$ cat data.txt   # compact mmCIF, C-alpha atoms
# COMPACT_ATOMS: atom_id res chain seq x y z
CA MET A 1 51.18 5.65 -127.89
CA LYS A 2 51.82 1.99 -127.64
CA LEU A 3 49.60 0.29 -125.07
CA THR A 4 51.39 -2.52 -123.37
CA LEU A 5 49.77 -5.11 -121.14
CA LYS A 6 51.65 -3.58 -118.23
CA LYS A 7 50.25 -0.10 -118.90
CA ILE A 8 46.72 -1.42 -119.25
CA SER A 9 47.03 -3.36 -116.03
CA THR A 10 48.31 -0.27 -114.25
CA CYS A 11 45.32 1.74 -115.49
CA PHE A 12 42.87 -0.86 -114.20
CA LEU A 13 44.64 -0.95 -110.86
CA LEU A 14 44.42 2.84 -110.52
CA LEU A 15 40.76 2.84 -111.54
CA GLY A 16 40.01 0.13 -109.00
CA PHE A 17 41.85 2.04 -106.30
CA ALA A 18 39.93 5.22 -107.13
CA ALA A 19 36.62 3.35 -107.05
CA GLN A 20 37.53 1.87 -103.67
CA LEU A 21 38.35 5.32 -102.32
CA HIS A 22 35.04 6.62 -103.63
CA ALA A 23 33.11 3.76 -102.04
CA GLN A 24 34.65 4.53 -98.69
CA ASP A 25 33.82 8.22 -98.91
CA ILE A 26 30.57 7.84 -97.04
CA PRO A 27 29.71 8.37 -93.38
CA ARG A 28 29.72 5.24 -91.25
CA LEU A 29 28.51 4.18 -87.85
CA ASP A 30 30.93 2.98 -85.19
CA ASN A 31 30.18 -0.59 -86.26
CA GLY A 32 31.51 0.18 -89.73
CA LYS A 33 28.16 -0.01 -91.50
CA PRO A 34 27.20 2.85 -93.83
CA ASP A 35 25.29 5.55 -91.96
CA MET A 36 21.82 5.73 -93.53
CA ASN A 37 20.44 8.13 -90.92
CA GLY A 38 18.77 11.23 -92.16
CA ILE A 39 15.74 12.62 -93.93
CA TRP A 40 15.69 11.84 -97.62
CA ALA A 41 13.85 13.43 -100.51
CA ARG A 42 12.48 10.98 -103.03
CA PRO A 43 11.11 11.25 -106.53
CA TYR A 44 7.37 10.72 -106.84
CA VAL A 45 6.96 7.49 -108.74
CA SER A 46 3.39 7.19 -109.98
CA ASP A 47 4.29 4.54 -112.56
CA MET A 48 7.01 2.10 -111.55
CA GLY A 49 7.05 0.64 -115.02
CA ALA A 50 7.95 3.88 -116.77
CA ALA A 51 11.39 3.82 -118.33
CA GLY A 52 12.03 7.28 -116.96
CA ASN A 53 10.02 10.38 -116.34
CA GLY A 54 12.75 12.90 -115.74
CA ARG A 55 12.35 12.69 -112.00
CA ASN A 56 15.37 10.60 -111.23
CA GLN A 57 13.71 7.21 -111.50
CA THR A 58 13.96 4.42 -114.02
CA GLY A 59 11.66 1.49 -114.56
CA PRO A 60 11.85 -1.32 -117.12
CA GLY A 61 9.55 0.29 -119.67
CA GLU A 62 7.23 -2.55 -120.59
CA LEU A 63 6.18 -4.83 -117.72
CA PRO A 64 6.13 -8.63 -118.10
CA PHE A 65 2.47 -9.11 -117.25
CA THR A 66 0.98 -12.54 -116.96
CA GLU A 67 -2.46 -12.87 -118.47
CA ALA A 68 -3.99 -12.33 -115.02
CA GLY A 69 -1.79 -9.31 -114.47
CA ARG A 70 -2.75 -7.72 -117.76
CA ARG A 71 -6.42 -8.34 -117.10
CA ASN A 72 -6.20 -6.91 -113.61
CA PHE A 73 -4.34 -3.79 -114.72
CA ASP A 74 -6.61 -3.16 -117.69
CA ASN A 75 -9.67 -3.42 -115.47
CA TYR A 76 -8.38 -1.14 -112.70
CA ASN A 77 -10.70 1.81 -112.24
CA PRO A 78 -10.13 4.02 -109.20
CA SER A 79 -13.56 5.61 -109.64
CA THR A 80 -15.09 2.36 -108.39
CA GLY A 81 -12.80 2.12 -105.39
CA ASP A 82 -9.68 3.98 -104.34
CA TYR A 83 -8.00 2.57 -101.25
CA THR A 84 -5.40 5.32 -100.87
CA GLY A 85 -8.04 7.97 -101.40
CA THR A 86 -9.90 6.57 -98.43
CA CYS A 87 -6.69 6.77 -96.38
CA LEU A 88 -6.27 3.04 -95.94
CA PRO A 89 -2.60 2.11 -95.54
CA PHE A 90 -0.78 2.66 -98.81
CA GLY A 91 1.33 -0.48 -98.37
CA LEU A 92 5.08 -0.75 -98.80
CA LEU A 93 5.40 0.24 -102.45
CA ARG A 94 2.93 3.11 -102.52
CA ALA A 95 4.55 4.45 -99.36
CA MET A 96 8.00 4.23 -100.91
CA ASN A 97 6.74 5.86 -104.12
CA SER A 98 5.32 8.84 -102.25
CA PRO A 99 6.73 12.29 -102.99
CA ASP A 100 6.86 13.13 -99.30
CA PRO A 101 10.15 12.78 -97.42
CA ILE A 102 11.23 9.75 -95.44
CA GLN A 103 13.49 9.53 -92.40
CA PHE A 104 15.78 6.56 -91.81
CA MET A 105 16.87 5.84 -88.25
CA GLN A 106 19.49 3.18 -87.79
CA THR A 107 21.01 1.42 -84.81
CA ASP A 108 23.30 -1.59 -84.59
CA THR A 109 20.23 -3.82 -84.40
CA HIS A 110 17.33 -2.09 -86.15
CA PHE A 111 16.46 0.04 -89.17
CA ALA A 112 13.40 2.29 -88.98
CA LEU A 113 11.62 3.94 -91.87
CA LEU A 114 9.54 6.95 -90.87
CA TYR A 115 7.24 8.01 -93.66
CA GLU A 116 5.93 11.56 -93.55
CA GLN A 117 3.17 10.33 -95.86
CA ASN A 118 0.33 9.70 -93.42
CA THR A 119 2.83 9.50 -90.52
CA TRP A 120 3.48 5.78 -90.94
CA PHE A 121 6.52 3.87 -89.76
CA LYS A 122 8.18 0.52 -90.26
CA VAL A 123 10.86 -0.95 -87.97
CA ILE A 124 13.05 -3.81 -89.15
CA ASN A 125 15.45 -6.01 -87.21
CA THR A 126 18.70 -6.13 -89.18
CA ASP A 127 20.06 -9.40 -87.81
CA GLY A 128 19.13 -11.24 -90.99
CA GLU A 129 16.64 -13.50 -89.23
CA ASN A 130 12.94 -13.87 -89.93
CA HIS A 131 10.89 -12.17 -87.23
CA SER A 132 7.52 -12.71 -88.88
CA PRO A 133 4.50 -12.42 -86.59
CA GLY A 134 2.81 -14.93 -88.89
CA VAL A 135 0.15 -12.63 -90.28
CA ALA A 136 -0.09 -10.95 -93.66
CA THR A 137 0.10 -7.16 -93.43
CA TRP A 138 -0.13 -3.99 -95.51
CA PHE A 139 3.64 -3.38 -95.39
CA GLY A 140 4.70 -7.03 -95.27
CA ASN A 141 7.31 -8.82 -93.21
CA THR A 142 10.90 -7.81 -93.88
CA ILE A 143 14.15 -9.71 -93.47
CA ALA A 144 17.14 -7.38 -93.53
CA LYS A 145 20.79 -8.11 -94.12
CA TRP A 146 23.89 -6.30 -95.25
CA GLU A 147 25.62 -7.27 -98.47
CA GLY A 148 28.82 -5.29 -98.17
CA ASP A 149 27.74 -1.67 -97.97
CA THR A 150 24.27 -2.37 -99.32
CA LEU A 151 21.32 -2.86 -97.01
CA VAL A 152 19.05 -5.49 -98.53
CA LEU A 153 15.42 -5.63 -97.40
CA THR A 154 13.44 -8.65 -98.55
CA THR A 155 9.73 -8.34 -97.84
CA SER A 156 6.85 -10.79 -98.27
CA GLU A 157 3.65 -11.78 -96.42
CA PHE A 158 1.63 -8.94 -97.92
CA ASN A 159 -2.13 -8.89 -97.43
CA GLY A 160 -2.70 -8.23 -101.14
CA LYS A 161 -4.94 -5.22 -100.54
CA THR A 162 -2.67 -2.61 -102.07
CA ARG A 163 -1.23 -1.71 -105.45
CA LEU A 164 2.30 -1.05 -106.53
CA ASP A 165 1.83 2.52 -107.69
CA THR A 166 -0.67 5.29 -108.34
CA ILE A 167 -1.38 4.18 -111.87
CA GLY A 168 -2.58 0.89 -110.42
CA HIS A 169 -0.13 -1.87 -111.27
CA PRO A 170 -1.36 -4.90 -109.36
CA HIS A 171 0.33 -7.27 -106.97
CA SER A 172 -0.85 -10.41 -105.29
CA ASP A 173 -0.30 -11.77 -101.81
CA GLN A 174 2.53 -13.85 -103.35
CA LEU A 175 4.60 -10.70 -103.89
CA THR A 176 8.21 -10.56 -102.76
CA VAL A 177 9.89 -7.16 -102.77
CA THR A 178 13.65 -6.77 -102.63
CA GLU A 179 14.91 -3.31 -101.83
CA ARG A 180 18.60 -2.47 -102.04
CA LEU A 181 19.81 0.73 -100.39
CA THR A 182 23.33 1.88 -101.09
CA ARG A 183 24.68 5.16 -99.87
CA ARG A 184 26.44 6.58 -102.89
CA ASP A 185 28.15 9.59 -101.29
CA LEU A 186 27.55 12.32 -98.74
CA GLU A 187 24.41 13.57 -100.46
CA THR A 188 22.73 10.69 -102.26
CA MET A 189 21.55 7.13 -101.87
CA ASP A 190 20.77 4.61 -104.56
CA TYR A 191 17.46 2.83 -104.12
CA GLU A 192 16.70 -0.24 -106.21
CA VAL A 193 13.49 -2.20 -105.82
CA THR A 194 12.74 -5.52 -107.49
CA ILE A 195 9.21 -6.85 -107.88
CA ASN A 196 8.79 -10.61 -107.93
CA ASP A 197 5.15 -11.67 -108.18
CA PRO A 198 4.61 -14.85 -110.22
CA ILE A 199 0.85 -14.37 -110.19
CA TYR A 200 0.87 -11.08 -112.05
CA TYR A 201 4.34 -10.88 -113.64
CA SER A 202 6.14 -13.58 -115.59
CA ALA A 203 9.57 -12.38 -114.47
CA PRO A 204 11.03 -10.14 -111.78
CA TRP A 205 11.48 -6.51 -112.74
CA THR A 206 13.29 -3.57 -111.21
CA ASN A 207 12.86 0.14 -110.65
CA LYS A 208 15.80 2.34 -109.66
CA ARG A 209 15.86 5.80 -108.21
CA VAL A 210 18.05 8.14 -106.19
CA PHE A 211 17.29 9.65 -102.80
CA THR A 212 18.76 12.99 -101.75
CA LEU A 213 19.73 13.85 -98.19
CA GLN A 214 17.91 16.85 -96.75
CA LYS A 215 19.69 19.19 -94.36
CA ASP A 216 18.16 21.41 -91.68
CA PHE A 217 14.97 19.50 -92.15
CA GLU A 218 12.38 17.89 -89.87
CA LEU A 219 9.38 15.71 -90.59
CA ILE A 220 5.94 17.24 -90.08
CA GLU A 221 2.80 15.43 -88.98
CA TYR A 222 0.63 14.41 -91.92
CA SER A 223 -2.90 13.22 -91.26
CA CYS A 224 -4.63 11.73 -94.26
CA GLU A 225 -7.86 11.59 -92.27
CA GLU A 226 -7.87 15.24 -91.20
CA ASN A 227 -9.93 16.65 -94.05
CA ASN A 228 -10.64 13.87 -96.51
CA LYS A 229 -13.67 15.68 -97.93
CA SER A 230 -13.61 13.70 -101.12
CA MET A 231 -14.44 10.53 -99.24
CA TRP A 232 -16.81 12.16 -96.77
CA GLU A 233 -18.83 13.64 -99.64
CA GLY A 234 -18.92 10.36 -101.55
CA ARG A 235 -16.71 11.20 -104.52
CA ILE A 236 -14.05 8.71 -103.46
CA LYS A 237 -15.37 5.23 -102.79
CA PRO A 238 -13.77 2.50 -100.68
CA PRO A 239 -12.36 -0.44 -102.61
CA ASN A 240 -14.33 -3.60 -103.19
CA TYR A 241 -11.89 -6.31 -102.19
CA ASP A 242 -14.25 -9.02 -103.43
CA ASN A 243 -13.15 -8.26 -107.00
CA TRP A 244 -9.72 -6.79 -106.31
CA HIS A 245 -7.80 -9.74 -107.80
CA THR A 246 -8.12 -11.63 -111.02
CA TYR A 247 -6.50 -14.89 -110.06
CA ASP A 248 -8.49 -16.30 -107.15
CA THR A 249 -10.91 -18.39 -109.13
CA LYS A 250 -9.83 -17.95 -112.72
CA GLU A 251 -6.24 -19.17 -112.61
CA MET B 1 -19.64 17.02 -122.46
CA PHE B 2 -19.15 18.72 -119.14
CA LYS B 3 -20.84 22.09 -119.04
CA PRO B 4 -19.89 24.10 -115.99
CA ALA B 5 -22.70 26.09 -114.49
CA GLY B 6 -20.59 28.62 -112.68
CA ARG B 7 -19.02 30.46 -115.57
CA THR B 8 -17.80 34.01 -115.34
CA LYS B 9 -17.34 36.34 -118.26
CA THR B 10 -13.71 35.36 -118.29
CA PHE B 11 -14.42 31.70 -117.94
CA LEU B 12 -12.64 29.60 -120.46
CA VAL B 13 -13.24 26.07 -121.50
CA LEU B 14 -9.79 25.34 -122.73
CA ALA B 15 -9.54 21.73 -123.65
CA ALA B 16 -11.62 18.65 -123.73
CA ALA B 17 -10.68 15.24 -124.98
CA LEU B 18 -7.51 13.29 -124.39
CA VAL B 19 -6.01 15.56 -121.78
CA ILE B 20 -4.74 13.28 -119.05
CA GLN B 21 -3.05 15.02 -116.19
CA ILE B 22 -2.25 13.91 -112.70
CA PRO B 23 -1.04 16.65 -110.38
CA ALA B 24 2.51 15.75 -109.60
CA GLN B 25 1.99 15.80 -105.88
CA ALA B 26 -1.44 14.22 -105.39
CA HIS B 27 -1.39 11.44 -102.77
CA HIS B 28 -3.72 9.23 -104.75
CA SER B 29 -5.12 8.80 -108.23
CA ILE B 30 -7.39 11.70 -109.17
CA THR B 31 -9.00 10.12 -112.19
CA GLY B 32 -11.59 8.31 -110.12
CA GLU B 33 -12.92 11.52 -108.62
CA PHE B 34 -12.28 14.03 -111.40
CA ASN B 35 -12.73 14.05 -115.15
CA THR B 36 -9.22 14.84 -116.34
CA GLU B 37 -10.37 14.97 -119.95
CA VAL B 38 -12.03 18.33 -119.31
CA THR B 39 -10.06 21.41 -118.36
CA PHE B 40 -11.36 24.88 -117.51
CA GLU B 41 -10.60 27.94 -115.43
CA LEU B 42 -12.56 29.78 -112.79
CA ARG B 43 -12.35 33.30 -111.41
CA GLY B 44 -13.92 33.93 -108.05
CA THR B 45 -13.70 35.37 -104.57
CA LEU B 46 -12.14 33.22 -101.87
CA THR B 47 -14.59 32.72 -99.01
CA LYS B 48 -12.72 30.01 -97.08
CA LEU B 49 -9.44 28.13 -97.23
CA ASP B 50 -8.85 24.72 -95.66
CA TRP B 51 -5.13 24.67 -94.91
CA THR B 52 -5.33 20.97 -94.13
CA ASN B 53 -4.05 17.53 -94.97
CA PRO B 54 -4.28 15.55 -97.07
CA HIS B 55 -4.87 18.50 -99.43
CA LEU B 56 -5.87 22.14 -99.47
CA TRP B 57 -9.42 23.17 -100.35
CA TYR B 58 -10.38 26.54 -101.78
CA TYR B 59 -13.98 27.78 -101.51
CA LEU B 60 -14.98 30.28 -104.16
CA ASP B 61 -17.92 32.51 -104.94
CA VAL B 62 -18.06 32.56 -108.72
CA VAL B 63 -20.33 34.96 -110.60
CA ASN B 64 -21.90 33.18 -113.52
CA GLU B 65 -23.01 34.67 -116.82
CA ALA B 66 -26.47 35.31 -115.44
CA GLY B 67 -24.95 37.43 -112.70
CA SER B 68 -25.76 35.12 -109.83
CA VAL B 69 -23.23 33.67 -107.41
CA GLU B 70 -22.36 30.00 -107.53
CA LYS B 71 -20.36 28.37 -104.79
CA TRP B 72 -17.42 26.20 -105.84
CA GLN B 73 -14.97 24.09 -103.86
CA CYS B 74 -11.66 23.15 -105.39
CA THR B 75 -8.82 21.06 -104.13
CA THR B 76 -5.23 20.69 -105.24
CA GLY B 77 -2.41 18.20 -105.06
CA GLN B 78 -0.62 20.51 -102.66
CA ASN B 79 -0.52 19.91 -98.93
CA PRO B 80 0.48 22.28 -96.12
CA ASN B 81 3.72 20.47 -95.32
CA ARG B 82 5.20 21.03 -98.76
CA LEU B 83 3.97 24.60 -98.90
CA LEU B 84 5.46 25.42 -95.48
CA ARG B 85 8.82 24.11 -96.66
CA SER B 86 8.55 26.32 -99.72
CA GLY B 87 8.01 29.38 -97.57
CA TRP B 88 4.25 29.68 -97.92
CA LYS B 89 1.78 30.30 -95.12
CA LYS B 90 -1.99 30.21 -95.02
CA GLU B 91 -2.01 33.98 -94.45
CA ASP B 92 -0.43 34.52 -97.86
CA LEU B 93 -3.87 34.07 -99.36
CA PRO B 94 -6.39 36.22 -97.45
CA ILE B 95 -10.07 35.51 -97.42
CA GLY B 96 -11.78 37.88 -99.84
CA ALA B 97 -9.01 37.72 -102.43
CA VAL B 98 -10.04 37.26 -106.04
CA ILE B 99 -8.27 34.24 -107.46
CA ARG B 100 -8.15 32.31 -110.70
CA THR B 101 -7.83 28.58 -111.01
CA ILE B 102 -5.54 27.01 -113.59
CA ARG B 103 -6.00 23.70 -115.39
CA SER B 104 -9.09 22.78 -113.39
CA ASN B 105 -10.86 19.43 -113.82
CA PRO B 106 -14.48 18.92 -112.74
CA ALA B 107 -15.68 16.31 -110.30
CA ARG B 108 -17.41 13.37 -111.91
CA ASP B 109 -20.42 13.77 -109.61
CA GLN B 110 -21.36 17.04 -111.39
CA SER B 111 -21.17 19.05 -108.17
CA ASN B 112 -19.41 22.42 -108.19
CA THR B 113 -16.19 20.71 -107.21
CA CYS B 114 -12.89 20.69 -109.03
CA ILE B 115 -9.22 19.95 -108.74
CA VAL B 116 -6.80 22.65 -109.87
CA GLY B 117 -3.32 22.50 -111.27
CA GLY B 118 -2.59 25.85 -109.65
CA ILE B 119 -4.04 29.19 -108.68
CA THR B 120 -3.09 32.79 -109.23
CA LEU B 121 -4.18 36.09 -107.81
CA ASP B 122 -6.45 38.13 -110.07
CA ASP B 123 -3.45 39.84 -111.65
CA GLY B 124 -1.94 36.51 -112.64
CA THR B 125 0.61 36.26 -109.84
CA PRO B 126 1.07 32.56 -108.95
CA ILE B 127 0.45 31.70 -105.34
CA PHE B 128 1.20 28.48 -103.43
CA SER B 129 3.41 27.54 -106.35
CA GLY B 130 7.12 26.82 -106.24
CA THR B 131 9.23 28.53 -103.62
CA LYS B 132 7.77 31.74 -102.27
CA GLY B 133 9.63 34.76 -103.59
CA GLU B 134 10.99 33.02 -106.63
CA THR B 135 9.50 33.90 -109.99
CA ARG B 136 7.59 31.03 -111.44
CA THR B 137 4.99 30.68 -114.10
CA ASN B 138 2.22 28.20 -113.48
$ encode --input "data.txt" --output "structure tokens"
Amino acid sequence: MKLTLKKISTCFLLLGFAAQLHAQDIPRLDNGKPDMNGIWARPYVSDMGAAGNGRNQTGPGELPFTEAGRRNFDNYNPSTGDYTGTCLPFGLLRAMNSPDPIQFMQTDTHFALLYEQNTWFKVINTDGENHSPGVATWFGNTIAKWEGDTLVLTTSEFNGKTRLDTIGHPHSDQLTVTERLTRRDLETMDYEVTINDPIYYSAPWTNKRVFTLQKDFELIEYSCEENNKSMWEGRIKPPNYDNWHTYDTKE
Amino acid sequence: MFKPAGRTKTFLVLAAALVIQIPAQAHHSITGEFNTEVTFELRGTLTKLDWTNPHLWYYLDVVNEAGSVEKWQCTTGQNPNRLLRSGWKKEDLPIGAVIRTIRSNPARDQSNTCIVGGITLDDGTPIFSGTKGETRTN
């Protein structure tokens, strides 16, 4: 078959039209924004750097540690202090990496994330403005905006008392997290998170995963404090924040 | 080398060095509390079950080689919420049942405490594993 420029152009036009149809095949609110409401199952991401662990998530493989980042990660030892084990707030990333489901509730003005993990929540104004209370927090301060059909959450002002994942990748209080949520179709949502922390990483890096909508499903109360025997009996120790970071005095 | 005190006649020390395992559903790192380089199994009688968050706890009477009873407590990465959604209930494991632990790691504090990768009834039937009613091998 002889491929003419006209035929090739027609193919691209049809492909583009099909892609546009596919992009529109998602539920929307009355304001036209993609409907993110629902309870979503998420892959457990214990190592955000892993190139893929078969659980529907993909990291960069090797992380671009700075010298301080490498030193911090190599020295991490949860036996000397485990903040999640003591039920302190997991922070944004550890909460998003949890295997427990999450509910999104969305209005024209706000986006709420309800984490079953430890029954936490986070509510974000989606007007694109900065509503910072002016204090550093466990989950950070988020500015939300829509880029087309993608909800972009940019978060900073972290208190620096958490880690990125279970394996212990560090972050500093200079961390900026950019999360991009894109509803792919009726059942799934793409979740892409970019880590930008010049203290511990020499370049931004990204982890991608897919959330799956759960039907006939409700969140259940989850109390981390209910029976935390491991801490009560002294096997899990609280973290020592005096030596949590490796950049305060050495960089 | 970890040497468990509460061994039964069927107790097995299966593996030692270089076995790193993190239960897929644990809410925090387990390596601080447990020695994941040592793996063993226990067989004992269930005396109590904490069907609680953040994780379940099994309490076992284990008969050691000398014939005396040693009390063990073992946790798991599982929590009640996930088990409920998989069809399991606390009543599915009655007090007094003889159970076996799978891929157990000892606590670093040398107490009779462990974390298990799973449990079965004495006949090997997995319990609190996968979706209730579906065949699954631990």
$ interface_residues --input "data.txt" --of "chain B" --to "chain A" --cutoff "10 Å" --atoms "all atoms listed in the file" --output "ChimeraX atom specification"
/B:22,24-34,50-57,75,79-82,84-85,107-109,111,113
$ write_last_selection --input "data.txt" --atoms "C-alpha atoms" --output "CSV table (one decimal), in the coordinates of the input"
chain,number,residue,atom,x,y,z
B,22,ILE,CA,-2.2,13.9,-112.7
B,24,ALA,CA,2.5,15.8,-109.6
B,25,GLN,CA,2.0,15.8,-105.9
B,26,ALA,CA,-1.4,14.2,-105.4
B,27,HIS,CA,-1.4,11.4,-102.8
B,28,HIS,CA,-3.7,9.2,-104.8
B,29,SER,CA,-5.1,8.8,-108.2
B,30,ILE,CA,-7.4,11.7,-109.2
B,31,THR,CA,-9.0,10.1,-112.2
B,32,GLY,CA,-11.6,8.3,-110.1
B,33,GLU,CA,-12.9,11.5,-108.6
B,34,PHE,CA,-12.3,14.0,-111.4
B,50,ASP,CA,-8.8,24.7,-95.7
B,51,TRP,CA,-5.1,24.7,-94.9
B,52,THR,CA,-5.3,21.0,-94.1
B,53,ASN,CA,-4.0,17.5,-95.0
B,54,PRO,CA,-4.3,15.6,-97.1
B,55,HIS,CA,-4.9,18.5,-99.4
B,56,LEU,CA,-5.9,22.1,-99.5
B,57,TRP,CA,-9.4,23.2,-100.4
B,75,THR,CA,-8.8,21.1,-104.1
B,79,ASN,CA,-0.5,19.9,-98.9
B,80,PRO,CA,0.5,22.3,-96.1
B,81,ASN,CA,3.7,20.5,-95.3
B,82,ARG,CA,5.2,21.0,-98.8
B,84,LEU,CA,5.5,25.4,-95.5
B,85,ARG,CA,8.8,24.1,-96.7
B,107,ALA,CA,-15.7,16.3,-110.3
B,108,ARG,CA,-17.4,13.4,-111.9
B,109,ASP,CA,-20.4,13.8,-109.6
B,111,SER,CA,-21.2,19.0,-108.2
B,113,THR,CA,-16.2,20.7,-107.2
$ atom_distance --input "data.txt" --atom1 "CA of Leu42 in chain B" --atom2 "CA of Asp92 in chain B"
19.8 Å
$ atom_distance --input "data.txt" --atom1 "CA of Arg70 in chain A" --atom2 "CA of Met96 in chain A"
23.3 Å
$ closest_residue --input "data.txt" --among "A:Tyr115, A:Arg163, A:Gln106, A:Trp205" --to "Arg28 in chain A" --atoms "only C-alpha atoms"
A:Gln106
$ atom_distance --input "data.txt" --atom1 "CA of Glu37 in chain B" --atom2 "CA of Ile115 in chain B"
12.3 Å
$ closest_residue --input "data.txt" --among "B:Lys48, B:Lys132, B:Arg43, B:Lys71" --to "Gly96 in chain B" --atoms "all atoms listed in the file"
B:Lys48
$ residues_near_point --input "data.txt" --point "(17.4, -13.7, -93.3)" --cutoff "8 Å" --atoms "only C-alpha atoms" --output "VMD selection string"
chain A and resid 127 to 130 143 to 145
$ closest_residue --input "data.txt" --among "A:Ala136, A:Ile39, A:Ala50, A:Leu164" --to "Leu92 in chain A" --atoms "only C-alpha atoms"
A:Leu164
